[in-house]
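Undergrad: Before anything else, here's the structure in question.
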Amino acid sequence: MSAVIDPSPKPQVQDAAPRTQREAKIAYSDNKLEKRLCREVGRAIGDFNMIVPGDRVMVCLSGGKDSYGLLDILLLLRERAPIDFDIIAVNLDQKQPGFPEQVLPDYLTRRGVKFHIEEQDTYSIVKRVIPEGKTTCGLCSRLRRGILYRVADELGATKIALGHHRGDILETLFLNMFFNGRLKAMPPKLVSDDGKHVVIRPLAYVKEADLERYAAVRGFPIIPCNLCGAQETLQRREIKHMLADWEKRFPGRIESIATSLASVKPSHLMDAELFGFRGLVASGMPDAAGDTAFDEEPCGTPGTVRFLPAS
Ligand code: SF4
């Protein structure tokens, strides 16, 4: 049975009143950021029915900005939410060289958050099994997944919350399109491959830039993510670069792509398993919402999403 540390809740330290106009402005903008994050996370939780009364949510905490942000916002929402749910933070210490073991326990104890640290030396396994120079992330993630599912069982967690944000979801979409020939992103909610767990991604609507700023505002004790020495794949780096470039050159494009993931028309794609093209026949009845077949799609709604010509 995994041991849980349950530090007694500590009162939250309130910000001192801003003294200058500049400080007041910063406090106002930080407050707006927190409100926006709460709103976006709350919206995702509601849209996908991620958390229900009585849930025990296991928040996977790596020590990166995303998982700290996820935990922080869930704690805030739990204070304000009309539903009652439990939160437990879990970190998997993979025994990477130089991992600062005390950072997370100290932080979680200070915050009064229940937590469990699972120590498993997956680093040595990965190093032993994968030849030098080959990518280690595949095996590492598989091992981590199995361990986290077991820990979720042992802790009685009903949901496993991961810190993937909107950027991760869009990168996965393009990685799959460009390199795997699949129209597939990263689901906001899924049932694990062993069929036993519900995994949720409450940051699905959140922009990475907001999480970066939030981490700086809140002063999270970030643990660097390159301790294992592995690098993200060249393909992922390329996609990140492409999306960042689009964000700069075509304001609204990323927003529009993200919105499109929630507005899918299977009848206008080409997957015969998804839509009954083979059995499609004319009904003879006019349909005002039906397809005109020959008209051009309108490009964006002025004032919301702008499409600029490529330079
Ligand atoms: S970056 Fe390192 S810790 Fe992360 S999945 Fe890859 S091998 Fe594992």
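Residues in the structure tokens are numbered from 1 in each chain, the chains being A, B, ... in the order shown, and ligands are numbered from 1 in the order shown.
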I'd like the contact shell of segment 230-236 of chain A - 10 Å cut-off, only C-alpha atoms, skipping same-chain residues fewer than 6 positions apart - returned as an mmCIF file with C-alpha atoms, in the first residue's frame.
TA:
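Now in around.cif:
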data_model
loop_
_atom_site.group_PDB
_atom_site.id
_atom_site.type_symbol
_atom_site.label_atom_id
_atom_site.label_comp_id
_atom_site.auth_asym_id
_atom_site.auth_seq_id
_atom_site.Cartn_x
_atom_site.Cartn_y
_atom_site.Cartn_z
ATOM 1 C CA GLY A 133 21.982 7.264 -28.759
ATOM 2 C CA LYS A 134 18.454 5.811 -29.207
ATOM 3 C CA THR A 135 15.415 7.630 -27.849
ATOM 4 C CA THR A 136 14.495 6.532 -24.334
ATOM 5 C CA CYS A 137 11.161 8.286 -23.956
ATOM 6 C CA ASP A 168 0.623 19.645 -26.142
ATOM 7 C CA GLU A 171 1.450 19.411 -31.204
ATOM 8 C CA THR A 172 0.146 15.850 -30.978
ATOM 9 C CA PHE A 174 0.096 17.810 -36.106
ATOM 10 C CA LEU A 175 2.613 15.102 -35.207
ATOM 11 C CA PHE A 178 2.454 14.916 -40.497
ATOM 12 C CA PHE A 179 4.181 11.712 -39.489
ATOM 13 C CA MET A 242 5.790 25.840 -36.599
#
Undergrad: Throw together the list of residues within 10 Å of ligand 1, counting only C-alpha atoms and all ligand atoms, and drop it here as a list in words.
TA: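 Selection of residues at most 10 Å from ligand 1: Ser62, Asp93, Gln94, Lys95, Gln96, Thr122, Tyr123, Val126, Lys127, Thr135, Thr136, Cys137, Gly138, Leu139, Cys140, Ser141, Arg142, Leu143, Arg144, Cys225, Asn226, Leu227, Cys228, Gly229, Ala230, Gln231, Glu232 and Thr233 of chain A.
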Undergrad: To test your reading of the structure, identify every residue in segment 60-91 of chain A that backbone DSSP assigns to alpha helix (DSSP H), and report it as a list of chain:residue names.
TA: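 Residues meeting the alpha helix (DSSP H) criterion: A:Lys65, A:Asp66, A:Ser67, A:Tyr68, A:Gly69, A:Leu70, A:Leu71, A:Asp72, A:Ile73, A:Leu74, A:Leu75, A:Leu76, A:Leu77, A:Arg78, A:Glu79, A:Arg80.
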Undergrad: Could you save the residues just selected, with C-alpha atoms, as a PDB file, in the first residue's frame?
TA:
ATOM      1  CA  LYS A  65       5.460  24.329 -14.525  1.00  0.00           C
ATOM      2  CA  ASP A  66       2.449  22.534 -16.042  1.00  0.00           C
ATOM      3  CA  SER A  67       1.850  20.048 -13.249  1.00  0.00           C
ATOM      4  CA  TYR A  68       2.438  22.682 -10.555  1.00  0.00           C
ATOM      5  CA  GLY A  69      -0.092  24.916 -12.322  1.00  0.00           C
ATOM      6  CA  LEU A  70      -2.587  22.061 -12.588  1.00  0.00           C
ATOM      7  CA  LEU A  71      -2.344  21.250  -8.874  1.00  0.00           C
ATOM      8  CA  ASP A  72      -2.594  24.898  -7.879  1.00  0.00           C
ATOM      9  CA  ILE A  73      -5.675  25.603  -9.987  1.00  0.00           C
ATOM     10  CA  LEU A  74      -7.421  22.399  -8.878  1.00  0.00           C
ATOM     11  CA  LEU A  75      -6.807  23.383  -5.246  1.00  0.00           C
ATOM     12  CA  LEU A  76      -8.316  26.819  -5.913  1.00  0.00           C
ATOM     13  CA  LEU A  77     -11.300  25.325  -7.727  1.00  0.00           C
ATOM     14  CA  ARG A  78     -11.899  22.821  -4.960  1.00  0.00           C
ATOM     15  CA  GLU A  79     -12.138  25.693  -2.469  1.00  0.00           C
ATOM     16  CA  ARG A  80     -14.739  27.398  -4.656  1.00  0.00           C
TER      17      ARG A  80
END
Undergrad: Please identify the strand (DSSP E) residues within segment 34-207 of chain A (assignment by DSSP from backbone atoms) and present them as a ChimeraX atom specification.
TA: /A:56-60,86-93,115-119,159-161,189-191,198-200
Undergrad: Can you pull out the residues contacting Ala3 of chain A? Cut-off 9 Å, using only C-alpha atoms, and skip same-chain residues under 3 positions away; I want them as a compact mmCIF listing (two decimals) with C-alpha atoms, in the first residue's frame.
TA:
# COMPACT_ATOMS: atom_id res chain seq x y z
CA PHE A 115 0.92 13.56 -1.27
CA HIS A 116 2.71 10.36 -2.07
CA ILE A 117 6.21 10.00 -3.55
CA GLU A 118 6.70 6.75 -5.43
CA LEU A 155 -4.41 5.13 -3.27
Undergrad: Nearest to Arg36 of chain A: which of A:Val206, A:Ile83, A:Met50, A:Ile169 is it, counting only C-alpha atoms?
TA: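 Closest candidate: A:Val206.
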Undergrad: Smallest atom-to-atom distance to Lys207 of chain A: which of A:Lys189, A:His164, A:Arg182, A:Arg111, using only C-alpha atoms?
TA: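 Among the listed residues, the smallest separation from Lys207 of chain A belongs to A:His164.
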Undergrad: I'd like the interatomic distance between atom CA of Thr158 of chain A and atom CA of Pro202 of chain A, to a tenth of an Å.
TA: 14.7 Å
Undergrad: From the set A:Gly64, A:Gly276, A:Pro82, A:Pro7, which residue has the shortest atom-to-atom contact distance to Gly42 of chain A, counting only C-alpha atoms?
TA: A:Pro82
Undergrad: Ser260 of chain A: which residues within 12 Å, counting only C-alpha atoms, same-chain residues fewer than 3 positions away excluded, as a list in words?
TA: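 Once the nearby chain positions are removed, what remains is Leu170, Leu173, Ala185, Arg253, Ile254, Glu255, Ser256, Ile257, Ser263, Val264, Lys265, Gly300 and Val305 of chain A.
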Undergrad: Can you spit out the residues from that selection as a PDB file, in the first residue's frame, using N, CA and C atoms?
TA:
ATOM      1  N   LEU A 170      -2.279  20.279 -29.445  1.00  0.00           N
ATOM      2  CA  LEU A 170      -2.123  20.679 -30.848  1.00  0.00           C
ATOM      3  C   LEU A 170      -0.859  20.083 -31.461  1.00  0.00           C
ATOM      4  N   LEU A 173      -1.657  16.617 -32.389  1.00  0.00           N
ATOM      5  CA  LEU A 173      -2.501  16.596 -33.595  1.00  0.00           C
ATOM      6  C   LEU A 173      -1.631  16.667 -34.857  1.00  0.00           C
ATOM      7  N   ALA A 185      -5.634  13.748 -31.948  1.00  0.00           N
ATOM      8  CA  ALA A 185      -4.902  14.613 -31.020  1.00  0.00           C
ATOM      9  C   ALA A 185      -4.710  13.878 -29.703  1.00  0.00           C
ATOM     10  N   ARG A 253      -4.958  32.037 -35.516  1.00  0.00           N
ATOM     11  CA  ARG A 253      -4.936  30.739 -36.194  1.00  0.00           C
ATOM     12  C   ARG A 253      -4.916  29.571 -35.195  1.00  0.00           C
ATOM     13  N   ILE A 254      -4.078  29.684 -34.169  1.00  0.00           N
ATOM     14  CA  ILE A 254      -3.970  28.591 -33.183  1.00  0.00           C
ATOM     15  C   ILE A 254      -5.308  28.427 -32.456  1.00  0.00           C
ATOM     16  N   GLU A 255      -5.890  29.590 -32.112  1.00  0.00           N
ATOM     17  CA  GLU A 255      -7.202  29.584 -31.444  1.00  0.00           C
ATOM     18  C   GLU A 255      -8.218  28.827 -32.304  1.00  0.00           C
ATOM     19  N   SER A 256      -8.175  29.124 -33.610  1.00  0.00           N
ATOM     20  CA  SER A 256      -9.144  28.528 -34.521  1.00  0.00           C
ATOM     21  C   SER A 256      -8.927  27.014 -34.655  1.00  0.00           C
ATOM     22  N   ILE A 257      -7.664  26.601 -34.710  1.00  0.00           N
ATOM     23  CA  ILE A 257      -7.385  25.156 -34.815  1.00  0.00           C
ATOM     24  C   ILE A 257      -7.873  24.454 -33.550  1.00  0.00           C
ATOM     25  N   SER A 263     -15.298  20.834 -32.894  1.00  0.00           N
ATOM     26  CA  SER A 263     -16.382  21.022 -33.858  1.00  0.00           C
ATOM     27  C   SER A 263     -16.078  20.193 -35.111  1.00  0.00           C
ATOM     28  N   VAL A 264     -16.233  18.895 -34.970  1.00  0.00           N
ATOM     29  CA  VAL A 264     -15.821  17.962 -36.022  1.00  0.00           C
ATOM     30  C   VAL A 264     -17.037  17.533 -36.847  1.00  0.00           C
ATOM     31  N   LYS A 265     -16.885  17.507 -38.157  1.00  0.00           N
ATOM     32  CA  LYS A 265     -17.971  17.067 -39.041  1.00  0.00           C
ATOM     33  C   LYS A 265     -17.536  15.788 -39.758  1.00  0.00           C
ATOM     34  N   GLY A 300     -13.319  32.498 -41.779  1.00  0.00           N
ATOM     35  CA  GLY A 300     -13.272  33.207 -40.507  1.00  0.00           C
ATOM     36  C   GLY A 300     -14.405  34.196 -40.321  1.00  0.00           C
ATOM     37  N   VAL A 305     -11.735  35.452 -35.500  1.00  0.00           N
ATOM     38  CA  VAL A 305     -10.561  34.751 -35.972  1.00  0.00           C
ATOM     39  C   VAL A 305     -10.125  35.396 -37.279  1.00  0.00           C
TER      40      VAL A 305
END
Undergrad: One decimal, in Å: what's the spacing between atom CA of Pro105 of chain A and atom CA of Ala152 of chain A?
TA: 18.5 Å
Undergrad: Could you work out how far atom CA of Val59 of chain A lies from atom CA of Ile88 of chain A, giving the answer in Å with one decimal?
TA: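 These atoms are spaced 6.1 Å apart.
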